[in-house]
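Chemist: What follows is a single structure, and I will ask about it in a moment.
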Amino acid sequence: MSTLVTGIGLLVTNDPDQWGHESPLPDADTRSADRLGQIRDAAVVLDGDRISWIGRATAAPAADDAVDLGGAAVIPGFVDSHTHPVFAGERSDEFDARLTGQRYDGGGIRRTMAATRAGSDDHLGAMVDGLLAEMTRQGTTCVEGKTGYGLDLATETRSARVLAGRVDEVTFLGAHVVPPEYAARPDDYVDLVRGPMLEAVREDVSWIDVFCEQGAFDTDQTLAILAAGRDAGLGLRLHAAQLHPTSVIAPAVEMGVAAIDHCTFLSDADVEAIAGSSTVATLLPAAEFSTLQPYPDASRLLAAGATVALATDCNPGTAFTSSMPFCLAIAVREMGMTPAQALWSATAGGAAALRRDDVGVVRVGARADLLALAAPSWLHLFYRPGVPLVSHVWHRGVHHDLSVPSLTF
Ligand code: NIG
Ligand code: FE
């Protein structure tokens, strides 16, 4: 079954080699939009779960079905490369306390752990499904999800099983914090994570992650856990420099981690190490919004030549949002990104962080993951913050018509 999506006023492909670049506005500065590979008056043909044709609407082939978007902007679906969606309970009281001066130190993770251990598989699955439904409505079409609120063998294994088949990429985060029963012997917990726990989750996960931070895991523990994951054939990811400077960045880059996430407290040497590598710096502004920490400096990383991704960090403690548009808005207002850089980072950047070339791009053969906006330009994502502009989502070729009316300009 093929579908012709036509009447696209402006299409972002993230494929500039193929499509060059056009300014979204006649007098706009085009330089920062170079990587977006935009096409005016475009059409796309979807065949099953893949994209089969892209070009000018006037040259479009026939298809079994057609949707005319009447001049709307279309972009690749958002790739949310960092989420923690498998948990039970909520912690709005901690957010309230932070607004009156309480500092975030990661301690609340153990509250969510207790609720998650007590949650049935059905309860945990319903939470993931609920968050994924929210994400789809806000334009996210590819999701990475982490375990990390079980922190014992049984609940980490259940969490990985609940995520498998629901999210696109499953990450083992047994090393989120040391659970209370191991408080007096943290190295025994490290041994549990890199031994029996890793073996138990292995068939359901493709990535391993560690929260390297004061109060969580130190650099040596982090590198030991990542090495065990690498030896088990997993890809490597890392939470680092969220709350304090760290010595883990250079050795982690050296080990080939796909992404270092948070990246708020980076030294010049850290920035240089990331920029000179294929490791992606994933920035999570919703976490800083909720923890009242300083935002990471995206412009510094970009100026050094680093690849930057944006993701939600969706979790009940530090970033209880499923909204990529919310993160995009903060990125341009507080982190020194241009709108074009932020859009690229939330789509192609997320794909790079997951080492995937089939998402975050509108290209023949890529997954049929597209969004239509109730707007003539993707700039409205930033220009009209907080407005639900995602009017159609094609996710693996399945059409969700969200019936969002467009204003007439
Ligand atoms: O990415 N930093 C560690 N993990 C989460 C927060 C988890 C929590 O507080 O529940 C994060 O921000
Ligand atoms: Fe996180």
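So you can find residues: chains in the structure tokens are A, B, ... in the order shown, residues in each start at 1, and ligands are numbered from 1 in order.
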Could you please extract the residues within 9 Å of ligand 1, counting only C-alpha atoms and all ligand atoms, and hand them back as a short mmCIF file (atom, residue, chain, number, x, y, z; two decimals) with all heavy atoms, in the first residue's frame?
Modeler:
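File part31.cif, as written:
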```cif
data_model
loop_
_atom_site.label_atom_id
_atom_site.label_comp_id
_atom_site.auth_asym_id
_atom_site.auth_seq_id
_atom_site.Cartn_x
_atom_site.Cartn_y
_atom_site.Cartn_z
N HIS A 82 17.13 9.47 24.40
CA HIS A 82 17.43 9.32 25.84
C HIS A 82 16.14 9.45 26.63
O HIS A 82 15.65 10.56 26.86
CB HIS A 82 18.45 10.38 26.27
CG HIS A 82 18.88 10.29 27.70
ND1 HIS A 82 20.20 10.48 28.08
CD2 HIS A 82 18.20 10.05 28.85
CE1 HIS A 82 20.30 10.36 29.40
NE2 HIS A 82 19.09 10.10 29.89
N THR A 83 15.58 8.30 27.06
CA THR A 83 14.40 8.34 27.94
C THR A 83 14.49 7.22 28.97
O THR A 83 15.18 6.24 28.78
CB THR A 83 13.06 8.17 27.16
OG1 THR A 83 12.81 6.79 26.89
CG2 THR A 83 13.05 8.96 25.85
N HIS A 84 13.78 7.42 30.07
CA HIS A 84 13.68 6.42 31.16
C HIS A 84 12.19 6.13 31.38
O HIS A 84 11.63 6.57 32.39
CB HIS A 84 14.25 6.97 32.47
CG HIS A 84 15.64 7.52 32.43
ND1 HIS A 84 16.70 6.92 33.10
CD2 HIS A 84 16.17 8.63 31.86
CE1 HIS A 84 17.81 7.65 32.95
NE2 HIS A 84 17.51 8.70 32.20
N ARG A 91 6.92 11.95 41.20
CA ARG A 91 7.67 12.72 42.21
C ARG A 91 7.47 14.22 42.04
O ARG A 91 8.42 15.00 42.13
CB ARG A 91 9.15 12.33 42.14
CG ARG A 91 9.40 10.94 42.72
CD ARG A 91 10.65 10.24 42.21
NE ARG A 91 11.84 11.04 42.20
CZ ARG A 91 12.93 10.77 41.44
NH1 ARG A 91 12.93 9.73 40.64
NH2 ARG A 91 13.97 11.54 41.48
N TYR A 104 18.79 19.16 43.72
CA TYR A 104 18.66 17.80 43.19
C TYR A 104 19.99 17.07 43.36
O TYR A 104 21.03 17.59 42.99
CB TYR A 104 18.31 17.81 41.68
CG TYR A 104 18.28 16.41 41.11
CD1 TYR A 104 17.21 15.57 41.36
CD2 TYR A 104 19.36 15.92 40.37
CE1 TYR A 104 17.20 14.27 40.87
CE2 TYR A 104 19.35 14.63 39.88
CZ TYR A 104 18.26 13.81 40.14
OH TYR A 104 18.27 12.52 39.67
N ASP A 105 19.96 15.85 43.98
CA ASP A 105 21.20 15.09 44.13
C ASP A 105 21.04 13.64 43.68
O ASP A 105 21.92 12.81 43.94
CB ASP A 105 21.66 15.13 45.60
CG ASP A 105 20.64 14.46 46.53
OD1 ASP A 105 19.62 13.95 46.03
OD2 ASP A 105 20.89 14.44 47.75
N GLY A 106 19.97 13.32 43.01
CA GLY A 106 19.78 11.95 42.51
C GLY A 106 19.16 11.01 43.54
O GLY A 106 18.83 9.87 43.23
N GLY A 107 18.99 11.49 44.77
CA GLY A 107 18.49 10.62 45.84
C GLY A 107 17.09 10.07 45.58
O GLY A 107 16.76 8.96 46.00
N GLY A 108 16.27 10.85 44.88
CA GLY A 108 14.90 10.42 44.61
C GLY A 108 14.81 9.19 43.72
O GLY A 108 13.76 8.55 43.65
N ILE A 109 15.89 8.84 43.04
CA ILE A 109 15.88 7.65 42.18
C ILE A 109 15.46 6.43 43.01
O ILE A 109 14.72 5.56 42.54
CB ILE A 109 17.27 7.42 41.54
CG1 ILE A 109 17.60 8.58 40.58
CG2 ILE A 109 17.34 6.08 40.82
CD1 ILE A 109 19.04 8.58 40.05
N ARG A 110 15.87 6.40 44.28
CA ARG A 110 15.53 5.24 45.13
C ARG A 110 14.04 5.21 45.49
O ARG A 110 13.50 4.15 45.75
CB ARG A 110 16.42 5.22 46.37
CG ARG A 110 17.89 4.99 46.03
CD ARG A 110 18.80 4.92 47.26
NE ARG A 110 20.20 4.90 46.86
CZ ARG A 110 20.96 5.98 46.61
NH1 ARG A 110 20.42 7.19 46.72
NH2 ARG A 110 22.21 5.87 46.25
N ARG A 111 13.37 6.34 45.50
CA ARG A 111 11.91 6.34 45.71
C ARG A 111 11.23 5.69 44.50
O ARG A 111 10.33 4.86 44.65
CB ARG A 111 11.38 7.77 45.85
CG ARG A 111 11.80 8.47 47.12
CD ARG A 111 11.28 9.91 47.11
NE ARG A 111 9.85 10.01 47.30
CZ ARG A 111 9.13 11.09 46.98
NH1 ARG A 111 9.71 12.16 46.44
NH2 ARG A 111 7.84 11.12 47.20
N THR A 112 11.66 6.09 43.31
CA THR A 112 11.06 5.48 42.11
C THR A 112 11.40 3.99 42.05
O THR A 112 10.59 3.17 41.62
CB THR A 112 11.53 6.21 40.85
OG1 THR A 112 11.14 7.58 40.94
CG2 THR A 112 10.94 5.61 39.59
N MET A 113 12.62 3.64 42.51
CA MET A 113 13.01 2.23 42.54
C MET A 113 12.02 1.42 43.37
O MET A 113 11.56 0.34 42.95
CB MET A 113 14.42 2.11 43.12
CG MET A 113 14.91 0.70 43.29
SD MET A 113 16.11 0.59 44.64
CE MET A 113 15.02 0.72 46.07
N GLY A 148 16.62 0.87 34.81
CA GLY A 148 17.38 1.67 35.77
C GLY A 148 16.59 2.08 37.00
O GLY A 148 17.13 2.78 37.87
N TYR A 149 15.31 1.65 37.07
CA TYR A 149 14.55 1.91 38.29
C TYR A 149 14.20 0.60 39.00
O TYR A 149 13.36 0.58 39.89
CB TYR A 149 13.28 2.70 37.98
CG TYR A 149 13.54 4.15 37.63
CD1 TYR A 149 13.29 4.64 36.37
CD2 TYR A 149 14.06 5.03 38.60
CE1 TYR A 149 13.53 5.98 36.05
CE2 TYR A 149 14.30 6.36 38.29
CZ TYR A 149 14.03 6.83 37.02
OH TYR A 149 14.26 8.14 36.72
N HIS A 176 22.41 2.86 37.65
CA HIS A 176 21.79 4.19 37.76
C HIS A 176 22.23 4.79 39.09
O HIS A 176 22.84 5.86 39.12
CB HIS A 176 20.26 4.03 37.66
CG HIS A 176 19.54 5.27 37.29
ND1 HIS A 176 18.18 5.32 37.12
CD2 HIS A 176 19.97 6.53 37.06
CE1 HIS A 176 17.82 6.55 36.79
NE2 HIS A 176 18.88 7.30 36.76
N VAL A 177 21.90 4.12 40.21
CA VAL A 177 22.52 4.42 41.51
C VAL A 177 22.70 3.08 42.23
O VAL A 177 22.15 2.07 41.80
CB VAL A 177 21.66 5.36 42.42
CG1 VAL A 177 21.64 6.78 41.87
CG2 VAL A 177 20.26 4.82 42.63
N VAL A 210 25.68 4.11 32.08
CA VAL A 210 26.03 4.27 33.49
C VAL A 210 25.80 5.73 33.86
O VAL A 210 26.09 6.64 33.07
CB VAL A 210 27.53 3.93 33.73
CG1 VAL A 210 27.89 4.12 35.21
CG2 VAL A 210 27.85 2.51 33.30
N PHE A 211 25.26 5.98 35.07
CA PHE A 211 25.16 7.35 35.61
C PHE A 211 26.45 7.61 36.37
O PHE A 211 26.61 7.16 37.51
CB PHE A 211 23.92 7.45 36.50
CG PHE A 211 23.66 8.82 37.08
CD1 PHE A 211 24.11 9.98 36.47
CD2 PHE A 211 22.90 8.95 38.24
CE1 PHE A 211 23.84 11.24 37.00
CE2 PHE A 211 22.62 10.20 38.79
CZ PHE A 211 23.09 11.35 38.17
N CYS A 212 27.40 8.29 35.72
CA CYS A 212 28.68 8.60 36.34
C CYS A 212 28.54 9.97 37.01
O CYS A 212 28.44 10.99 36.32
CB CYS A 212 29.78 8.63 35.27
SG CYS A 212 31.42 8.89 35.98
N GLU A 213 28.48 9.98 38.33
CA GLU A 213 28.21 11.24 39.04
C GLU A 213 28.50 11.04 40.53
O GLU A 213 28.43 9.89 41.02
CB GLU A 213 26.73 11.62 38.83
CG GLU A 213 26.27 12.94 39.41
CD GLU A 213 27.10 14.13 38.96
OE1 GLU A 213 27.00 14.53 37.78
OE2 GLU A 213 27.85 14.66 39.80
N ALA A 216 26.54 8.53 42.61
CA ALA A 216 26.13 7.39 41.76
C ALA A 216 27.37 6.49 41.55
O ALA A 216 27.75 5.79 42.47
CB ALA A 216 25.52 7.88 40.46
N HIS A 239 25.76 8.69 31.06
CA HIS A 239 25.29 9.94 31.69
C HIS A 239 26.52 10.54 32.37
O HIS A 239 27.07 9.91 33.28
CB HIS A 239 24.31 9.65 32.82
CG HIS A 239 22.91 9.29 32.43
ND1 HIS A 239 22.55 8.11 31.86
CD2 HIS A 239 21.76 10.00 32.61
CE1 HIS A 239 21.23 8.09 31.69
NE2 HIS A 239 20.73 9.22 32.14
N ALA A 240 26.91 11.75 32.02
CA ALA A 240 28.09 12.34 32.68
C ALA A 240 28.02 13.86 32.66
O ALA A 240 27.40 14.46 31.78
CB ALA A 240 29.37 11.86 32.00
N GLN A 242 26.50 15.88 34.55
CA GLN A 242 25.18 16.48 34.76
C GLN A 242 25.22 17.48 35.91
O GLN A 242 24.66 18.57 35.81
CB GLN A 242 24.12 15.40 35.06
CG GLN A 242 22.74 15.99 35.36
CD GLN A 242 21.67 14.95 35.70
OE1 GLN A 242 21.97 13.76 35.79
NE2 GLN A 242 20.46 15.38 35.90
N LEU A 243 25.87 17.09 37.02
CA LEU A 243 25.83 17.92 38.22
C LEU A 243 27.20 18.48 38.60
O LEU A 243 27.28 19.48 39.30
CB LEU A 243 25.26 17.12 39.40
CG LEU A 243 23.88 16.48 39.17
CD1 LEU A 243 23.49 15.57 40.34
CD2 LEU A 243 22.81 17.55 38.96
N ASP A 261 25.73 11.92 27.60
CA ASP A 261 24.47 12.63 27.76
C ASP A 261 24.50 13.51 29.01
O ASP A 261 25.02 13.09 30.05
CB ASP A 261 23.33 11.63 27.82
CG ASP A 261 23.21 10.81 26.53
OD1 ASP A 261 24.18 10.78 25.74
OD2 ASP A 261 22.15 10.21 26.31
N HIS A 262 23.92 14.68 28.90
CA HIS A 262 23.89 15.79 29.85
C HIS A 262 24.96 16.81 29.46
O HIS A 262 24.63 17.87 28.99
CB HIS A 262 24.03 15.36 31.32
CG HIS A 262 22.78 14.73 31.85
ND1 HIS A 262 21.64 15.44 32.05
CD2 HIS A 262 22.51 13.44 32.18
CE1 HIS A 262 20.69 14.63 32.51
NE2 HIS A 262 21.19 13.41 32.58
N LEU A 284 20.09 17.61 27.29
CA LEU A 284 18.79 17.24 27.83
C LEU A 284 18.20 18.42 28.61
O LEU A 284 18.14 18.40 29.84
CB LEU A 284 18.96 16.01 28.75
CG LEU A 284 19.73 14.83 28.12
CD1 LEU A 284 20.17 13.83 29.18
CD2 LEU A 284 18.88 14.15 27.07
N ALA A 286 15.36 19.57 29.36
CA ALA A 286 14.24 19.42 30.28
C ALA A 286 14.74 19.06 31.68
O ALA A 286 14.09 19.39 32.68
CB ALA A 286 13.27 18.35 29.77
N ALA A 287 15.90 18.40 31.76
CA ALA A 287 16.45 18.05 33.07
C ALA A 287 16.90 19.31 33.81
O ALA A 287 16.64 19.47 35.01
CB ALA A 287 17.61 17.07 32.92
N GLU A 288 17.55 20.21 33.09
CA GLU A 288 17.99 21.44 33.75
C GLU A 288 16.81 22.33 34.09
O GLU A 288 16.82 23.03 35.11
CB GLU A 288 18.99 22.20 32.87
CG GLU A 288 20.40 21.62 32.92
CD GLU A 288 20.56 20.30 32.20
OE1 GLU A 288 19.96 20.15 31.11
OE2 GLU A 288 21.25 19.41 32.72
N THR A 291 15.59 20.57 37.34
CA THR A 291 16.51 20.54 38.49
C THR A 291 17.00 21.94 38.85
O THR A 291 17.69 22.11 39.86
CB THR A 291 17.74 19.66 38.20
OG1 THR A 291 18.38 20.15 37.02
CG2 THR A 291 17.35 18.21 38.01
N ASP A 313 15.11 13.05 27.97
CA ASP A 313 15.48 12.47 29.27
C ASP A 313 14.21 12.08 30.06
O ASP A 313 14.27 11.95 31.29
CB ASP A 313 16.34 13.44 30.09
CG ASP A 313 17.06 12.76 31.26
OD1 ASP A 313 17.12 11.51 31.27
OD2 ASP A 313 17.57 13.48 32.14
N CYS A 314 13.08 11.90 29.39
CA CYS A 314 11.80 11.65 30.07
C CYS A 314 11.96 10.68 31.24
O CYS A 314 12.31 9.52 31.06
CB CYS A 314 10.81 11.09 29.04
SG CYS A 314 9.20 10.73 29.74
N ASN A 315 11.73 11.16 32.45
CA ASN A 315 11.83 10.34 33.67
C ASN A 315 11.07 11.07 34.77
O ASN A 315 10.86 12.28 34.70
CB ASN A 315 13.31 10.11 34.03
CG ASN A 315 13.96 11.31 34.69
OD1 ASN A 315 13.73 11.58 35.86
ND2 ASN A 315 14.75 12.06 33.94
N PRO A 316 10.66 10.34 35.84
CA PRO A 316 9.80 10.98 36.84
C PRO A 316 10.53 11.91 37.80
O PRO A 316 9.88 12.63 38.56
CB PRO A 316 9.23 9.77 37.60
CG PRO A 316 10.29 8.72 37.47
CD PRO A 316 10.88 8.92 36.11
N GLY A 317 11.88 11.90 37.77
CA GLY A 317 12.62 12.70 38.74
C GLY A 317 13.05 14.04 38.21
O GLY A 317 12.76 15.09 38.81
N THR A 318 13.75 14.04 37.07
CA THR A 318 14.39 15.28 36.63
C THR A 318 13.82 15.86 35.35
O THR A 318 14.23 16.96 34.96
CB THR A 318 15.89 15.06 36.37
OG1 THR A 318 16.03 14.10 35.31
CG2 THR A 318 16.60 14.58 37.61
N ALA A 319 12.93 15.15 34.68
CA ALA A 319 12.49 15.66 33.37
C ALA A 319 11.22 14.93 32.99
O ALA A 319 11.22 14.09 32.09
CB ALA A 319 13.57 15.41 32.31
#
```
Chemist: Can you tell me, as an NGL selection string, which residues in segment 54-297 of chain A count as strand (DSSP E) by DSSP?
Modeler: :A and (54-56 or 65-76 or 78-80 or 140-146 or 169-175 or 207-212 or 235-240 or 259-262 or 280-283)
Chemist: Give me, as a list in words, all polymer residues having an atom no more than 6 Å from Ala241 of chain A, counting only C-alpha atoms and skipping those fewer than 2 positions away in the same chain.
Modeler: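 Surrounding residues, per the criterion: Leu243, His244, Pro245, Thr246, Cys263, Thr264 and Phe265 of chain A.
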Chemist: Could you write out the selected residues, including N, CA, C and O atoms, as a tab-separated table (two decimals), in the first residue's frame?
Modeler:
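part-v5.tsv, written as the output of this step:
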```tsv
chain	number	residue	atom	x	y	z
A	243	LEU	N	25.87	17.09	37.02
A	243	LEU	CA	25.83	17.92	38.22
A	243	LEU	C	27.20	18.48	38.60
A	243	LEU	O	27.28	19.48	39.30
A	244	HIS	N	28.29	17.81	38.16
A	244	HIS	CA	29.65	18.21	38.53
A	244	HIS	C	30.61	17.91	37.38
A	244	HIS	O	30.33	17.02	36.57
A	245	PRO	N	31.77	18.58	37.36
A	245	PRO	CA	32.83	18.18	36.42
A	245	PRO	C	33.26	16.74	36.72
A	245	PRO	O	33.09	16.26	37.83
A	246	THR	N	33.84	16.07	35.72
A	246	THR	CA	34.16	14.64	35.84
A	246	THR	C	35.43	14.32	35.07
A	246	THR	O	35.77	15.02	34.11
A	263	CYS	N	26.27	16.53	29.72
A	263	CYS	CA	27.35	17.41	29.23
A	263	CYS	C	27.21	18.85	29.68
A	263	CYS	O	27.47	19.78	28.90
A	264	THR	N	26.80	19.07	30.93
A	264	THR	CA	26.67	20.44	31.40
A	264	THR	C	27.99	20.99	31.91
A	264	THR	O	28.35	22.13	31.61
A	265	PHE	N	28.72	20.18	32.69
A	265	PHE	CA	29.96	20.66	33.31
A	265	PHE	C	31.18	20.09	32.57
A	265	PHE	O	31.83	19.17	33.05
```
Chemist: Which of segment 141-180 of chain A end up as alpha helix (DSSP H) when DSSP is run on this backbone - answer as number ranges by chain?
Modeler: A: 153-163
Chemist: Just how far from atom CA of Leu302 of chain A is atom CA of Met337 of chain A, in Å to one decimal?
Modeler: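 That distance, rounded to one decimal, is 8.6 Å.
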Chemist: Using only C-alpha atoms, determine which residues lie at most 9 Å from Val167 of chain A, disregarding the query and same-chain residues fewer than 4 positions distant; provide the list as a list in words.
Modeler: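 Those residues are Val128, Leu132, Cys142, Val143, Glu144, Gly145 and Leu163 of chain A.
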Chemist: Which of these, A:Val271, A:Leu238, A:Val364, A:Leu36, has the shortest distance to ligand 2 once you count only C-alpha atoms and all ligand atoms?
Modeler: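 The closest residue to ligand 2 is A:Leu238.
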Chemist: Between A:Ile39, A:Phe320, A:Val45, A:Leu266, which is the closest to ligand 2 once you count only C-alpha atoms and all ligand atoms?
Modeler: A:Phe320
Chemist: Kindly indicate which residue among A:Ala303, A:Ala114, A:Leu4, A:Ala175 lies nearest to Val67 of chain A, using only C-alpha atoms for the distances.
Modeler: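 Looking only at the distances to Val67 of chain A, the closest residue turns out to be A:Leu4.
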Chemist: For Gly125 of chain A, list every protein, DNA or RNA residue within 8 Å, evaluated using only C-alpha atoms, and leave out those in the same chain fewer than 3 positions away; present the list as a PDB file with N, CA, C and O atoms, in the first residue's frame.
Modeler:
```
ATOM      1  N   VAL A  86      10.333   3.334  31.894  1.00  0.00           N
ATOM      2  CA  VAL A  86       9.782   2.175  32.601  1.00  0.00           C
ATOM      3  C   VAL A  86       9.968   2.359  34.107  1.00  0.00           C
ATOM      4  O   VAL A  86      11.052   2.209  34.648  1.00  0.00           O
ATOM      5  N   ASP A 121       4.279  -6.223  35.870  1.00  0.00           N
ATOM      6  CA  ASP A 121       4.695  -6.024  34.479  1.00  0.00           C
ATOM      7  C   ASP A 121       3.623  -5.247  33.708  1.00  0.00           C
ATOM      8  O   ASP A 121       3.945  -4.383  32.888  1.00  0.00           O
ATOM      9  N   ASP A 122       2.356  -5.552  33.979  1.00  0.00           N
ATOM     10  CA  ASP A 122       1.275  -4.845  33.273  1.00  0.00           C
ATOM     11  C   ASP A 122       1.279  -3.355  33.604  1.00  0.00           C
ATOM     12  O   ASP A 122       1.078  -2.504  32.733  1.00  0.00           O
ATOM     13  N   VAL A 128       4.845   2.663  30.031  1.00  0.00           N
ATOM     14  CA  VAL A 128       5.621   2.864  28.792  1.00  0.00           C
ATOM     15  C   VAL A 128       4.661   3.176  27.645  1.00  0.00           C
ATOM     16  O   VAL A 128       4.892   4.128  26.873  1.00  0.00           O
ATOM     17  N   ASP A 129       3.583   2.408  27.538  1.00  0.00           N
ATOM     18  CA  ASP A 129       2.635   2.646  26.431  1.00  0.00           C
ATOM     19  C   ASP A 129       2.035   4.048  26.517  1.00  0.00           C
ATOM     20  O   ASP A 129       1.867   4.725  25.499  1.00  0.00           O
ATOM     21  N   VAL A 162       9.930  -5.466  29.430  1.00  0.00           N
ATOM     22  CA  VAL A 162       8.804  -4.558  29.159  1.00  0.00           C
ATOM     23  C   VAL A 162       9.164  -3.582  28.025  1.00  0.00           C
ATOM     24  O   VAL A 162       8.341  -3.266  27.160  1.00  0.00           O
ATOM     25  N   LEU A 163      10.420  -3.122  28.019  1.00  0.00           N
ATOM     26  CA  LEU A 163      10.838  -2.159  26.983  1.00  0.00           C
ATOM     27  C   LEU A 163      10.985  -2.829  25.613  1.00  0.00           C
ATOM     28  O   LEU A 163      10.663  -2.225  24.585  1.00  0.00           O
TER      29      LEU A 163
END
```
Chemist: Write out as a Markdown table the residues of segment 369-391 of chain A that have any atom within 9 Å of an atom of segment 324-336 of chain A, one row each with the nearest atom pair and its distance in Å to one decimal, counting only C-alpha atoms, sorted by chain and then rising number.
Modeler:
```
| residue | atom | partner | partner_atom | distance |
| --- | --- | --- | --- | --- |
| A:Leu381 | CA | A:Pro325 | CA | 6.6 |
| A:Phe382 | CA | A:Ala329 | CA | 5.4 |
| A:Tyr383 | CA | A:Ala329 | CA | 8.6 |
| A:Pro385 | CA | A:Ala329 | CA | 6.4 |
| A:Gly386 | CA | A:Phe326 | CA | 6.9 |
| A:Pro388 | CA | A:Pro325 | CA | 8.9 |
```
Chemist: Excluding Val308 of chain A and residues on its chain fewer than 2 positions from it, collect all residues at most 10 Å away from it, counting only C-alpha atoms, and give them as a PyMOL selection string.
Modeler: chain A and resi 259-261+274-275+279-283+298-299+301-302+305-306+310+341-342+344-346+348-350+352-353
